[in-house]
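Colleague: Got a structure for you, written out below as structure tokens; questions coming shortly.
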Amino acid sequence: MFPRGFAWGAATAAYQIEGGWQADGRGPSIWDTFSHETGRVFGDQNGDVACKSYELWEEDLRSILQLGLTHYRLSVSWARLLPDGTTQHVNHKGVEYYNKVIDNLLTANVTPMVTLYHFDLPQALQDQGGWKSPNIAALFDSYARFCFQTFGDRVKLWITINEPYVCAKLGHEDGIHAPGLEEPGGRAAYLVGHNMLRAHALAWHSYDAFFRPKHEGLVSLAINSDWLEPLEPDCAEDVSATERHLAFTLGWFAWPVFVSGDYPEIMRAVIDANSKTHGFNSESRLPIFSKDEPPILGTADFFALNYYTSRKVTSGCGHSDILSMKSDRGAQEVLDPSWPISGVSWLAVVPHGLRRLLSYIKKNFSDPAIYITENGFAQVGSLEMEDVQRGKFYTETISEVAKAITEDGVNVRGYFAWSLMDNFEWADGYSVRFGLFHVDFSDEKRKRTMYRSGREYAKLILKYSTEHEGPHPNH
Ligand code: GAL
């Protein structure tokens, strides 16, 4: 069912697990600043200590081995490696830490996939304008080159930026993620998305020109998308609202990289028109890619997809007088009452949505190799170590992935569960638990204990990874 060499993984991100926010010369990031402000995060919690992975990496490794993962997706913290964001000052302790992590993984026969940017911009760069500044692309490129140079002899799977949509929209329009900017008008979100695409493309071109010849790795960016389908499939307005919505989420980043080197036409048309109506006469709020910079098209060696949930879409009252990205897209999301809700209200459990989204990607983005770089299920409220529902969720979702491969011919190369362990869930703090391992945040040692769903995921991995290759080395 799953091709030989299929990646069975779990994912984490630096700020969500490491803690050690001031240890050994790490610089502050925008999430330190944001979470230290009152009222930003549930219970005013922060990632100062988190799962203590900076101190207790060996515990993480033990968990990875207990699950029998073939791959582990982690992110490196820009501010831990380059405290002021620039290569003028390298924090060698940070380099040592990630060297240890990468080397330990390889010794244990686990392949690392490394994300360079998972929401945690060095504060020093935010102070110079952050992702809204055009200069950020070159700064990111230098950081990326530094990482390729330092770790690229051993790391062969790279993600430049995780979920540019979330950074742009939640961080710069909704203000619910760092840096907490609440800028109406859509302009800030589009500008951030634009600079993220430019930064990603520069880094991909650097890898391609200077590192790929000797390291032979692969580079992509992780794009998040819900599966979207019309509320009334026979209603033309719902169908076009769905297309528009897909263009504004998945298409915003996937279209330039995989299809045309530019934004989806519908996005350009709507934003240009709305910009004009609202008096932005000379300039649209959606920036234009400069011909003088390296092209965006073709800057992904595989498709990295973060999928969590699905929505029905109707045109309805998505429109509003206040200009925003949301009003531009003119689509309203509706939950299907038959979809069970996980611990968090936004996460309706729709495993078949993943299969449909995979087919959509195959069809619209030239049948790329796809890694599902995140997918998971949240628990809130009372703690259930026997998390039957999450186990069921993984079994059902993985069976949809199997169908996508065998029945729909989608080229899926790997699946990463979010997350290896409970961690700092951004604005929800520690109130939302996504882990395959429970973490006791009241314990000094942050004791990790495998949930029932972890045991079930381990069984699935063992079953599928031995189908072709004999016993897994870790069992
Ligand atoms: C993603 C994000 C992860 C994790 C997950 C669950 O958007 O990349 O860091 O928090 O959502 O909400």
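Quick note on naming: the chains in the structure tokens go A, B, ... in the order shown, residues restart at 1 in each chain, and ligands are numbered from 1 in order of appearance.
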Can you work out which residues are within 10 Å of ligand 1, considering only C-alpha atoms and all ligand atoms, and then hand them over as a PyMOL selection string?

Modeller: chain A and resi 11-16+75+118-119+161-167+222-225+306-308+344+346-347+373-378+418-419+423-429+432-434

Colleague: Let's see if you can do this: from backbone DSSP, list all alpha helix (DSSP H) residues in range 219-445 of chain A, as an MDAnalysis selection string.

Modeller: chainID A and resid 236:246 252:254 265:277 325:329 351:364 388:406

Colleague: I need the residue nearest Ser382 in chain A from this list: A:Val350, A:Arg285, A:His245, A:Gly343. Use only C-alpha atoms for the distance.

Modeller: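 Smallest distance to Ser382 in chain A is found for A:Gly343.
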
Colleague: Set the distance at 8 Å and use only C-alpha atoms: which residues neighbour Pro351 in chain A once local chain neighbours fewer than 5 positions away are removed? I'd like the list as a PyMOL selection string.

Modeller: chain A and resi 309+393+396-397+400

Colleague: How many Å separate CA of Ala247 in chain A from CA of Arg311 in chain A?

Modeller: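 It comes out at 14.5 Å.
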
Colleague: Would you please give, as a list of chain:residue names, all residues of range 105-224 of chain A that DSSP assigns to strand (DSSP E) based on the backbone?

Modeller: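 Answer for range 105-224 of chain A restricted to strand (DSSP E) is A:Thr111, A:Pro112, A:Met113, A:Val114, A:Thr115, A:Leu116, A:Tyr117, A:Leu157, A:Trp158, A:Ile159, A:Thr160, A:Ile161, A:Asn162, A:Leu218, A:Val219, A:Ser220, A:Leu221, A:Ala222, A:Ile223, A:Asn224.
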
Colleague: What would the file look like if the residues just selected were written as a short mmCIF file (atom, residue, chain, number, x, y, z; two decimals), in the first residue's frame with all heavy atoms?

Modeller:
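Saved file out.cif follows:
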```cif
data_model
loop_
_atom_site.label_atom_id
_atom_site.label_comp_id
_atom_site.auth_asym_id
_atom_site.auth_seq_id
_atom_site.Cartn_x
_atom_site.Cartn_y
_atom_site.Cartn_z
N THR A 111 15.70 9.74 9.66
CA THR A 111 16.06 10.82 8.73
C THR A 111 15.48 12.14 9.21
O THR A 111 14.26 12.24 9.42
CB THR A 111 15.49 10.51 7.32
OG1 THR A 111 15.98 9.22 6.94
CG2 THR A 111 15.91 11.54 6.31
N PRO A 112 16.31 13.17 9.36
CA PRO A 112 15.76 14.46 9.76
C PRO A 112 15.19 15.25 8.58
O PRO A 112 15.75 15.22 7.48
CB PRO A 112 16.97 15.21 10.34
CG PRO A 112 18.17 14.56 9.73
CD PRO A 112 17.79 13.17 9.29
N MET A 113 14.07 15.90 8.83
CA MET A 113 13.58 16.92 7.88
C MET A 113 13.63 18.22 8.68
O MET A 113 13.05 18.30 9.78
CB MET A 113 12.15 16.63 7.44
CG MET A 113 11.56 17.72 6.56
SD MET A 113 9.81 17.46 6.16
CE MET A 113 9.91 16.45 4.69
N VAL A 114 14.33 19.22 8.17
CA VAL A 114 14.57 20.43 8.98
C VAL A 114 13.86 21.65 8.38
O VAL A 114 14.03 21.97 7.20
CB VAL A 114 16.09 20.70 9.11
CG1 VAL A 114 16.34 22.05 9.78
CG2 VAL A 114 16.75 19.58 9.95
N THR A 115 13.07 22.29 9.23
CA THR A 115 12.40 23.54 8.85
C THR A 115 13.25 24.70 9.33
O THR A 115 13.67 24.73 10.49
CB THR A 115 11.01 23.61 9.54
OG1 THR A 115 10.27 22.45 9.19
CG2 THR A 115 10.25 24.85 9.10
N LEU A 116 13.48 25.66 8.47
CA LEU A 116 14.30 26.81 8.85
C LEU A 116 13.50 27.87 9.60
O LEU A 116 14.04 28.57 10.45
CB LEU A 116 14.92 27.44 7.60
CG LEU A 116 15.87 26.55 6.82
CD1 LEU A 116 16.35 27.27 5.55
CD2 LEU A 116 17.06 26.16 7.68
N TYR A 117 12.25 27.99 9.24
CA TYR A 117 11.45 29.06 9.86
C TYR A 117 10.07 28.54 10.24
O TYR A 117 9.23 28.27 9.38
CB TYR A 117 11.30 30.25 8.91
CG TYR A 117 10.59 31.39 9.60
CD1 TYR A 117 11.27 32.18 10.51
CD2 TYR A 117 9.24 31.63 9.39
CE1 TYR A 117 10.61 33.20 11.20
CE2 TYR A 117 8.57 32.64 10.07
CZ TYR A 117 9.27 33.42 10.97
OH TYR A 117 8.63 34.42 11.66
N LEU A 157 16.52 16.85 3.63
CA LEU A 157 15.15 17.29 3.42
C LEU A 157 14.95 18.61 4.15
O LEU A 157 15.06 18.65 5.39
CB LEU A 157 14.15 16.26 3.96
CG LEU A 157 14.04 14.94 3.19
CD1 LEU A 157 13.20 13.93 3.97
CD2 LEU A 157 13.42 15.18 1.82
N TRP A 158 14.68 19.67 3.39
CA TRP A 158 14.58 21.01 3.97
C TRP A 158 13.22 21.63 3.70
O TRP A 158 12.70 21.53 2.58
CB TRP A 158 15.63 21.93 3.34
CG TRP A 158 17.05 21.59 3.66
CD1 TRP A 158 17.92 20.89 2.87
CD2 TRP A 158 17.79 21.96 4.83
NE1 TRP A 158 19.15 20.80 3.49
CE2 TRP A 158 19.10 21.46 4.69
CE3 TRP A 158 17.47 22.68 5.98
CZ2 TRP A 158 20.09 21.63 5.66
CZ3 TRP A 158 18.45 22.86 6.95
CH2 TRP A 158 19.74 22.34 6.79
N ILE A 159 12.70 22.29 4.71
CA ILE A 159 11.54 23.17 4.52
C ILE A 159 12.05 24.57 4.85
O ILE A 159 12.59 24.80 5.93
CB ILE A 159 10.40 22.81 5.51
CG1 ILE A 159 9.92 21.36 5.32
CG2 ILE A 159 9.24 23.80 5.37
CD1 ILE A 159 9.21 21.09 4.03
N THR A 160 11.87 25.50 3.93
CA THR A 160 12.32 26.86 4.20
C THR A 160 11.40 27.52 5.23
O THR A 160 11.80 27.86 6.33
CB THR A 160 12.31 27.71 2.92
OG1 THR A 160 11.00 27.61 2.33
CG2 THR A 160 13.38 27.25 1.93
N ILE A 161 10.12 27.67 4.84
CA ILE A 161 9.18 28.41 5.68
C ILE A 161 7.96 27.55 5.94
O ILE A 161 7.43 26.93 5.01
CB ILE A 161 8.77 29.74 4.99
CG1 ILE A 161 10.00 30.64 4.87
CG2 ILE A 161 7.64 30.44 5.75
CD1 ILE A 161 9.76 31.94 4.13
N ASN A 162 7.54 27.51 7.20
CA ASN A 162 6.33 26.78 7.54
C ASN A 162 5.12 27.70 7.48
O ASN A 162 5.09 28.75 8.13
CB ASN A 162 6.45 26.23 8.97
CG ASN A 162 5.22 25.42 9.37
OD1 ASN A 162 4.99 24.35 8.82
ND2 ASN A 162 4.42 25.94 10.29
N LEU A 218 16.71 17.98 -0.99
CA LEU A 218 15.48 18.53 -1.54
C LEU A 218 14.97 19.67 -0.66
O LEU A 218 15.07 19.59 0.57
CB LEU A 218 14.40 17.45 -1.60
CG LEU A 218 14.72 16.18 -2.39
CD1 LEU A 218 13.63 15.14 -2.20
CD2 LEU A 218 14.89 16.49 -3.89
N VAL A 219 14.42 20.70 -1.30
CA VAL A 219 13.97 21.89 -0.57
C VAL A 219 12.54 22.25 -0.99
O VAL A 219 12.24 22.26 -2.19
CB VAL A 219 14.90 23.09 -0.87
CG1 VAL A 219 14.45 24.33 -0.09
CG2 VAL A 219 16.36 22.77 -0.57
N SER A 220 11.72 22.55 0.00
CA SER A 220 10.37 23.01 -0.33
C SER A 220 9.89 23.99 0.75
O SER A 220 10.66 24.36 1.64
CB SER A 220 9.42 21.82 -0.43
OG SER A 220 8.16 22.23 -0.94
N LEU A 221 8.64 24.41 0.65
CA LEU A 221 8.03 25.21 1.73
C LEU A 221 6.75 24.51 2.14
O LEU A 221 6.12 23.84 1.32
CB LEU A 221 7.76 26.66 1.28
CG LEU A 221 6.56 26.98 0.39
CD1 LEU A 221 6.39 28.48 0.25
CD2 LEU A 221 6.69 26.36 -0.98
N ALA A 222 6.38 24.60 3.42
CA ALA A 222 5.20 23.85 3.89
C ALA A 222 3.97 24.73 3.77
O ALA A 222 3.87 25.79 4.40
CB ALA A 222 5.39 23.39 5.33
N ILE A 223 3.04 24.27 2.93
CA ILE A 223 1.83 25.05 2.66
C ILE A 223 0.66 24.41 3.39
O ILE A 223 0.43 23.20 3.26
CB ILE A 223 1.57 25.08 1.13
CG1 ILE A 223 2.75 25.77 0.42
CG2 ILE A 223 0.25 25.76 0.83
CD1 ILE A 223 2.63 25.82 -1.09
N ASN A 224 -0.04 25.21 4.19
CA ASN A 224 -1.21 24.66 4.88
C ASN A 224 -2.46 24.91 4.07
O ASN A 224 -2.61 25.96 3.43
CB ASN A 224 -1.37 25.30 6.27
CG ASN A 224 -1.60 26.79 6.19
OD1 ASN A 224 -0.70 27.54 5.80
ND2 ASN A 224 -2.80 27.23 6.52
#
```

Colleague: Skipping near chain neighbours, those fewer than 2 positions away, what residues fall within 9 Å of Leu65 in chain A using only C-alpha atoms, listed as a compact mmCIF listing (two decimals) with N, CA and C atoms, in the first residue's frame?

Modeller:
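Result saved to result-v6.txt:
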```txt
# COMPACT_ATOMS: atom_id res chain seq x y z
N ASP A 60 13.46 13.24 23.90
CA ASP A 60 12.75 13.28 22.62
C ASP A 60 13.20 12.11 21.74
N LEU A 61 14.49 11.89 21.73
CA LEU A 61 15.04 10.81 20.90
C LEU A 61 14.44 9.47 21.34
N ARG A 62 14.37 9.30 22.66
CA ARG A 62 13.79 8.06 23.18
C ARG A 62 12.35 7.90 22.66
N SER A 63 11.60 9.00 22.68
CA SER A 63 10.20 8.93 22.20
C SER A 63 10.15 8.58 20.71
N LEU A 67 8.42 5.16 19.03
CA LEU A 67 7.38 5.15 17.99
C LEU A 67 7.85 4.38 16.75
N GLY A 68 9.15 4.21 16.60
CA GLY A 68 9.68 3.55 15.40
C GLY A 68 9.63 4.45 14.18
N LEU A 69 9.73 5.77 14.39
CA LEU A 69 9.67 6.70 13.26
C LEU A 69 10.86 6.45 12.31
N THR A 70 10.59 6.62 11.03
CA THR A 70 11.70 6.59 10.07
C THR A 70 12.24 8.00 9.85
N ALA A 108 20.66 6.80 14.87
CA ALA A 108 19.53 5.93 15.18
C ALA A 108 18.75 5.54 13.92
N VAL A 110 17.22 7.48 11.79
CA VAL A 110 16.03 8.31 11.59
C VAL A 110 16.45 9.50 10.73
N ASN A 474 14.38 -0.36 14.41
CA ASN A 474 14.19 0.07 15.79
C ASN A 474 13.30 -0.89 16.60
N HIS A 475 12.93 -2.02 16.00
CA HIS A 475 12.05 -2.92 16.76
C HIS A 475 12.66 -4.30 16.88
```

Colleague: List the spatial neighbours of range 31-38 of chain A as a VMD selection string - criterion: any atom at most 7 Å away, only C-alpha atoms, same-chain residues fewer than 2 positions off excluded.

Modeller: chain A and resid 28 to 29 40 to 41 44 to 46 120 178 to 180

Colleague: Contacts of Glu444 in chain A at 10 Å or less, counting only C-alpha atoms, minus same-chain residues fewer than 6 places along, as a ChimeraX atom specification?

Modeller: /A:49,51-52

Colleague: Can you write just those residues out, N, CA and C atoms, as an mmCIF file, in the first residue's frame?

Modeller:
```
data_model
loop_
_atom_site.group_PDB
_atom_site.id
_atom_site.type_symbol
_atom_site.label_atom_id
_atom_site.label_comp_id
_atom_site.auth_asym_id
_atom_site.auth_seq_id
_atom_site.Cartn_x
_atom_site.Cartn_y
_atom_site.Cartn_z
ATOM 1 N N VAL A 49 10.028 27.695 28.919
ATOM 2 C CA VAL A 49 10.509 26.378 29.377
ATOM 3 C C VAL A 49 9.979 25.264 28.463
ATOM 4 N N CYS A 51 8.791 22.118 26.626
ATOM 5 C CA CYS A 51 9.078 20.695 26.919
ATOM 6 C C CYS A 51 10.530 20.501 27.336
ATOM 7 N N LYS A 52 11.267 21.605 27.437
ATOM 8 C CA LYS A 52 12.691 21.565 27.797
ATOM 9 C C LYS A 52 13.522 20.734 26.821
#
```

Colleague: At most 8 Å is the cut-off: for each residue in range 161-221 of chain A with any atom that close to an atom of range 126-144 of chain A, write down the nearest atom pair and the distance in Å rounded to one decimal, counting only C-alpha atoms, chain first then increasing number, as a tab-separated table.

Modeller:
```
residue	atom	partner	partner_atom	distance
A:Pro179	CA	A:Gln126	CA	7.9
A:Ala188	CA	A:Lys132	CA	6.9
A:Leu191	CA	A:Lys132	CA	6.0
A:Val192	CA	A:Lys132	CA	5.2
A:Asn195	CA	A:Ala137	CA	6.1
A:Met196	CA	A:Ala137	CA	7.0
A:Arg198	CA	A:Ala137	CA	5.9
A:Ala199	CA	A:Ala137	CA	3.9
A:His200	CA	A:Ala137	CA	7.7
A:Leu202	CA	A:Asp141	CA	5.9
A:Ala203	CA	A:Asp141	CA	4.8
A:Ser206	CA	A:Asp141	CA	7.5
```

Colleague: Selection from above, N, CA, C and O atoms, as a tab-separated table (two decimals), in the first residue's frame, can you write it?

Modeller:
```tsv
chain	number	residue	atom	x	y	z
A	179	PRO	N	3.89	38.66	15.04
A	179	PRO	CA	4.17	39.75	15.97
A	179	PRO	C	2.92	40.48	16.50
A	179	PRO	O	3.05	41.56	17.09
A	188	ALA	N	-0.99	44.36	4.66
A	188	ALA	CA	0.13	43.79	5.43
A	188	ALA	C	0.24	42.29	5.18
A	188	ALA	O	1.34	41.77	4.95
A	191	LEU	N	1.65	41.63	1.78
A	191	LEU	CA	3.07	42.02	1.71
A	191	LEU	C	3.94	40.97	2.39
A	191	LEU	O	4.99	40.56	1.87
A	192	VAL	N	3.49	40.49	3.55
A	192	VAL	CA	4.24	39.46	4.27
A	192	VAL	C	4.30	38.18	3.44
A	192	VAL	O	5.36	37.57	3.28
A	195	ASN	N	6.81	38.68	0.67
A	195	ASN	CA	8.22	38.63	1.11
A	195	ASN	C	8.62	37.22	1.52
A	195	ASN	O	9.78	36.82	1.36
A	196	MET	N	7.66	36.46	2.02
A	196	MET	CA	7.96	35.06	2.36
A	196	MET	C	8.24	34.25	1.09
A	196	MET	O	9.14	33.42	1.05
A	198	ARG	N	9.38	35.49	-1.72
A	198	ARG	CA	10.68	35.96	-2.23
A	198	ARG	C	11.82	35.32	-1.43
A	198	ARG	O	12.82	34.86	-1.99
A	199	ALA	N	11.65	35.27	-0.10
A	199	ALA	CA	12.68	34.70	0.76
A	199	ALA	C	12.87	33.22	0.46
A	199	ALA	O	14.00	32.73	0.29
A	200	HIS	N	11.74	32.53	0.34
A	200	HIS	CA	11.81	31.10	0.03
A	200	HIS	C	12.52	30.86	-1.30
A	200	HIS	O	13.41	30.00	-1.40
A	202	LEU	N	14.63	32.77	-2.95
A	202	LEU	CA	16.08	33.04	-2.89
A	202	LEU	C	16.81	31.87	-2.26
A	202	LEU	O	17.87	31.44	-2.75
A	203	ALA	N	16.26	31.35	-1.17
A	203	ALA	CA	16.92	30.24	-0.48
A	203	ALA	C	16.96	28.99	-1.37
A	203	ALA	O	17.97	28.29	-1.42
A	206	SER	N	19.62	29.46	-3.89
A	206	SER	CA	20.95	29.30	-3.27
A	206	SER	C	21.28	27.83	-3.13
A	206	SER	O	22.39	27.39	-3.44
```
